[in-house]
Amino acid sequence: MRTPADSSDSSQPGAPQRHRHARVLRWVLAVLAGLLALLALAVVLVATFDWNRVKPWVNDKVSEATGRRFAIEGDLSARWHWPQPLETGWRRWVPGVTVQAQQLSLDNPEGFIVVQAPDQSAPDLPALPAKPAPQGDQPAPADQKADEETTAPPALPGSAASEAQTKAAHALALESSNDPQAAPPPRPPQGMGTIASASATMRLLPLLSRTLVLDTLVLTAPDIALARRKDGSNNWTFANRKQGQEKSEHDNPWDLRVDQLIIRGGWLGYVDGVKDLALRARVDTLARGDEQSEDGRYGVHVLLTGSYGKARIEGEGVGGPVLTLREKKLRYPLRVSARSGSVQVQAEGVLDNPAALSGMDLQLQVRARSMADLFPLTGLVLPNTPPLQIKGRLLGSLEPEKAVWEYRDFNGTVGDSDLHGSVTYTSGKPRPKLQGHMTSKLLRLADLGPVLGAPSGKRPQEKGTDKRPGKVLPNAHFATDRWGAMDLDLAFAGEKIVRPEALPLDRLSVRAVLDDRQLHLTPLRFGVAQGRIDSDVLLDGRAKPLRAQLKGSVQGLQLSALFPKVELMKKSFGRLDGSLQLAGRGDSIAAMLASSDGGIRLYIRDGTFSKEMLDLAALNLGSVVVSKLFGENKEIKLRCAVADLRVKNGMADAHRVRLNTEEAIVDVTGLLDLGEEEMSLRIKPESLKWKFFSLRTPLYVRGTFAQPQVGVEPGPLVLRAGAAVAAAAIAPAALALVPITVPGAEDDANCAKLLAPSADDK
């Protein structure tokens, strides 16, 4: 039964609308209360729930997604945090969640083993280098000590291996002194990596758009080992455990974004069975205020140790922030110093898109005990040299199989000689190629010694350069085992040569072309004694032993310039012209000459000589011969001298060796054994003015090249008969040689007289 009051209330206009508003308000308040209750429940749940209960579920899901065993073996916890340090406005006050997991581990694919030294490495993978021990625990290897003692250049600033090892060892000591929960579980050979602790600060609002945003990801003491076998398979490609297929980036509808990554005491290893490379790096992120960060330019500090082939590597460097490596277009800053044996490197600049190795622009400084020491690290086939120190700009790409880089406008020294130039390296099949040009404004002749197998005096020990007792021909072996590693086309010019007074070289130029193990030096030119020597040298490294061909010419050498004391007397030994053509086989100059075939023709014109002049020139053999033929004090005017030698199997026949003077024509016959380095010659004067001769009996010159003996022939000429027989045996092959000519000298009237057949030739 309705009362009058009720009737009056219901009859008032607008009453139903007020009721509807009240109901909406109650619903809104109820929803807000429910949300607050849920939020409170979530806060309490996050703060009080034992998250270790969900570890089995997390481990299983991650293992299923990666196709390998994953485990959180320590505590798993979560906590709320606000405000958000990287947000602005109202979003800064939206709560976030920080999740922390300890003692994480992830296995390699099944059957993938990465052992750590000193354990025995697998056949298809080198062993991962051990973490450096504190210096002093173990003595340095003998070969490293030898390298350090014989390396001429001082250590690069800030890149000494001892400093790097000390820092790494100190970091290890700090880790081991922490709570056991802060130390990572040991990585077994079948493990890809372990992490002592991982902490991620996560925002909640982006989850609504399927985006996982981590403000800060902190990894404490991660120890990760990446590996690639000889067959190309690796341990960083993940597969779904159920499907056994590689995961595609399009399979996951969620996006991941990390705004800040902090690595504390991390270790990153990489072993490569294809390249025989094994590296271990200590990695720490740099705080923005750190002195090494240079106002945020650099974000990570690395200490490196390892090996490449047989070459040990140690180094230290800083690079840009790690997270910038995700960008598709990136100029990544880098500053590094490293050492391998005698080779020391400093580099500073940028890498373009490091993940793709698409480019680099670095200022690169290199120091080494010899250019040849660069081969184990770079694959560049370069000669033995005195200590090297150069600096230049390195540009180009390092993309595998497509690498093209240029070492531009480098300047430096090799021994005491300056070196300048630019070279370009191009990778490809069948071989990579190095080409370019180099110059030296002031070339010290002794610095060329090791290139030719002679000691430079700059290194304590230079293998293969010792003199053989009683021998004079160089016997240092050519190192041809590396010639198949690359091709090259290099031009070199020495503008001014610093040399001993007795060797008046004033310029040098050569173009060296190495193609399929064949080294061609053409042209090889020397400016010497106011004249010139041009040569063409071909060394075929495909043949065993090495096959060599030499063609050369001598033009206008003033012999007195070779002997400064004679030149001071304003006397002239005459002008030397000639040519030669030889072919032989052997792994040294001595061996090549011992097996050589060919011919040599030399002319000396318009000279003067005497015993006194020859003594001043330290030409003892010539001094004895001249004194016996012409007397002690006689000065002889030389019209022309001809030496025509025919060479077969290392035996040089003095086919036509004659001197034309105002007093006589002197014939020399006999043999030179280039293999045994011995000679047997007969010297016979044909009188034009007998009154000037102190001795009319023929002379002999016998013995070794190092110690020849001169004497008077006693009676019958047995030596002459033996030489004639040998010459007859050599003649057929020698006459088949391409004729050797010396334009100009052969047209000289005085020389033409000597070229005419003698009575003995008829």
# chains A, B, ... in the order shown; residues from 1 in each chain; ligands from 1
call {"tool": "select_by_dssp", "arguments": {"residues": "range 252-431 of chain A", "states": "strand (DSSP E or B)", "output": "ChimeraX atom specification"}}
result
/A:255-258,261-264,266-272,277-285,300-308,311-319,331-340,343-352,359-368,388-397,404-414,417-426
call {"tool": "residues_around", "arguments": {"residues": "Ser77 in chain A", "least_positions_apart": "6", "cutoff": "6 Å", "atoms": "only C-alpha atoms", "output": "ChimeraX atom specification"}}
result
/A:51,99-100
call {"tool": "residues_around", "arguments": {"residues": "Leu286 in chain A", "least_positions_apart": "4", "cutoff": "12 Å", "atoms": "only C-alpha atoms", "output": "ChimeraX atom specification"}}
result
/A:260-265,290-302,317-322
call {"tool": "residues_around", "arguments": {"residues": "Leu217 in chain A", "least_positions_apart": "2", "cutoff": "8 Å", "atoms": "only C-alpha atoms", "output": "ChimeraX atom specification"}}
result
/A:198-201,214-215,219,258,260-262
call {"tool": "closest_residue", "arguments": {"among": "A:Leu672, A:Leu445, A:Leu374, A:Leu204", "to": "Lys496 in chain A", "atoms": "only C-alpha atoms"}}
result
A:Leu445
call {"tool": "residues_around", "arguments": {"residues": "Lys310 in chain A", "least_positions_apart": "2", "cutoff": "9 Å", "atoms": "only C-alpha atoms", "output": "JSON, numbers by chain"}}
result
{"A": [276, 307, 308, 312, 376]}
call {"tool": "write_last_selection", "arguments": {"atoms": "N, CA and C atoms", "output": "tab-separated table (two decimals), in the first residue's frame"}}
result
chain	number	residue	atom	x	y	z
A	276	ASP	N	90.04	-21.53	-37.42
A	276	ASP	CA	90.97	-21.91	-36.35
A	276	ASP	C	91.19	-20.72	-35.42
A	307	SER	N	93.69	-16.97	-29.59
A	307	SER	CA	94.66	-17.38	-30.62
A	307	SER	C	93.97	-17.41	-31.97
A	308	TYR	N	94.77	-17.19	-33.00
A	308	TYR	CA	94.32	-17.30	-34.38
A	308	TYR	C	95.33	-18.19	-35.08
A	312	ARG	N	99.15	-16.18	-30.97
A	312	ARG	CA	98.46	-15.78	-29.75
A	312	ARG	C	98.04	-14.32	-29.86
A	376	PRO	N	100.49	-14.77	-40.19
A	376	PRO	CA	99.55	-15.60	-39.42
A	376	PRO	C	98.24	-14.88	-39.10
call {"tool": "select_by_dssp", "arguments": {"residues": "range 354-422 of chain A", "states": "helix (DSSP H, G or I)", "output": "list in words"}}
result
Pro354, Ala355, Ala356, Met371, Ala372, Asp373, Leu374, Phe375, Pro376, Leu377 and Thr378 of chain A
call {"tool": "write_last_selection", "arguments": {"atoms": "N, CA, C and O atoms", "output": "PDB file, in the first residue's frame"}}
result
ATOM      1  N   PRO A 354      78.442  -3.268 -37.860  1.00  0.00           N
ATOM      2  CA  PRO A 354      79.355  -4.357 -37.483  1.00  0.00           C
ATOM      3  C   PRO A 354      78.773  -5.743 -37.691  1.00  0.00           C
ATOM      4  O   PRO A 354      79.507  -6.675 -38.030  1.00  0.00           O
ATOM      5  N   ALA A 355      77.465  -5.907 -37.500  1.00  0.00           N
ATOM      6  CA  ALA A 355      76.877  -7.240 -37.652  1.00  0.00           C
ATOM      7  C   ALA A 355      77.058  -7.771 -39.065  1.00  0.00           C
ATOM      8  O   ALA A 355      77.207  -8.976 -39.279  1.00  0.00           O
ATOM      9  N   ALA A 356      77.044  -6.870 -40.052  1.00  0.00           N
ATOM     10  CA  ALA A 356      77.204  -7.291 -41.452  1.00  0.00           C
ATOM     11  C   ALA A 356      78.623  -7.093 -41.955  1.00  0.00           C
ATOM     12  O   ALA A 356      78.932  -7.444 -43.094  1.00  0.00           O
ATOM     13  N   MET A 371     107.844  -7.622 -41.602  1.00  0.00           N
ATOM     14  CA  MET A 371     106.610  -7.685 -42.385  1.00  0.00           C
ATOM     15  C   MET A 371     106.093  -9.120 -42.471  1.00  0.00           C
ATOM     16  O   MET A 371     104.882  -9.357 -42.468  1.00  0.00           O
ATOM     17  N   ALA A 372     106.995 -10.088 -42.544  1.00  0.00           N
ATOM     18  CA  ALA A 372     106.580 -11.486 -42.674  1.00  0.00           C
ATOM     19  C   ALA A 372     105.777 -11.954 -41.463  1.00  0.00           C
ATOM     20  O   ALA A 372     104.980 -12.886 -41.568  1.00  0.00           O
ATOM     21  N   ASP A 373     105.947 -11.307 -40.300  1.00  0.00           N
ATOM     22  CA  ASP A 373     105.224 -11.709 -39.100  1.00  0.00           C
ATOM     23  C   ASP A 373     103.733 -11.397 -39.184  1.00  0.00           C
ATOM     24  O   ASP A 373     102.955 -11.864 -38.346  1.00  0.00           O
ATOM     25  N   LEU A 374     103.312 -10.615 -40.181  1.00  0.00           N
ATOM     26  CA  LEU A 374     101.899 -10.291 -40.330  1.00  0.00           C
ATOM     27  C   LEU A 374     101.100 -11.444 -40.942  1.00  0.00           C
ATOM     28  O   LEU A 374      99.865 -11.447 -40.885  1.00  0.00           O
ATOM     29  N   PHE A 375     101.767 -12.430 -41.533  1.00  0.00           N
ATOM     30  CA  PHE A 375     101.058 -13.489 -42.257  1.00  0.00           C
ATOM     31  C   PHE A 375     100.093 -14.292 -41.384  1.00  0.00           C
ATOM     32  O   PHE A 375      98.946 -14.518 -41.795  1.00  0.00           O
ATOM     33  N   PRO A 376     100.490 -14.769 -40.190  1.00  0.00           N
ATOM     34  CA  PRO A 376      99.551 -15.598 -39.419  1.00  0.00           C
ATOM     35  C   PRO A 376      98.241 -14.884 -39.103  1.00  0.00           C
ATOM     36  O   PRO A 376      97.202 -15.527 -38.984  1.00  0.00           O
ATOM     37  N   LEU A 377      98.266 -13.555 -38.960  1.00  0.00           N
ATOM     38  CA  LEU A 377      97.064 -12.816 -38.603  1.00  0.00           C
ATOM     39  C   LEU A 377      96.272 -12.345 -39.810  1.00  0.00           C
ATOM     40  O   LEU A 377      95.040 -12.298 -39.780  1.00  0.00           O
ATOM     41  N   THR A 378      96.964 -11.945 -40.875  1.00  0.00           N
ATOM     42  CA  THR A 378      96.292 -11.298 -41.999  1.00  0.00           C
ATOM     43  C   THR A 378      96.240 -12.140 -43.260  1.00  0.00           C
ATOM     44  O   THR A 378      95.440 -11.857 -44.155  1.00  0.00           O
TER      45      THR A 378
END
call {"tool": "atom_distance", "arguments": {"atom1": "CA of Leu674 in chain A", "atom2": "CA of Lys648 in chain A"}}
result
10.1 Å
call {"tool": "atom_distance", "arguments": {"atom1": "CA of Gly556 in chain A", "atom2": "CA of Arg605 in chain A"}}
result
10.0 Å
call {"tool": "residues_around", "arguments": {"residues": "range 222-224 of chain A", "least_positions_apart": "3", "cutoff": "10 Å", "atoms": "only C-alpha atoms", "output": "ChimeraX atom specification"}}
result
/A:103-106,183-187,191-198,219,227,263-270,280-283
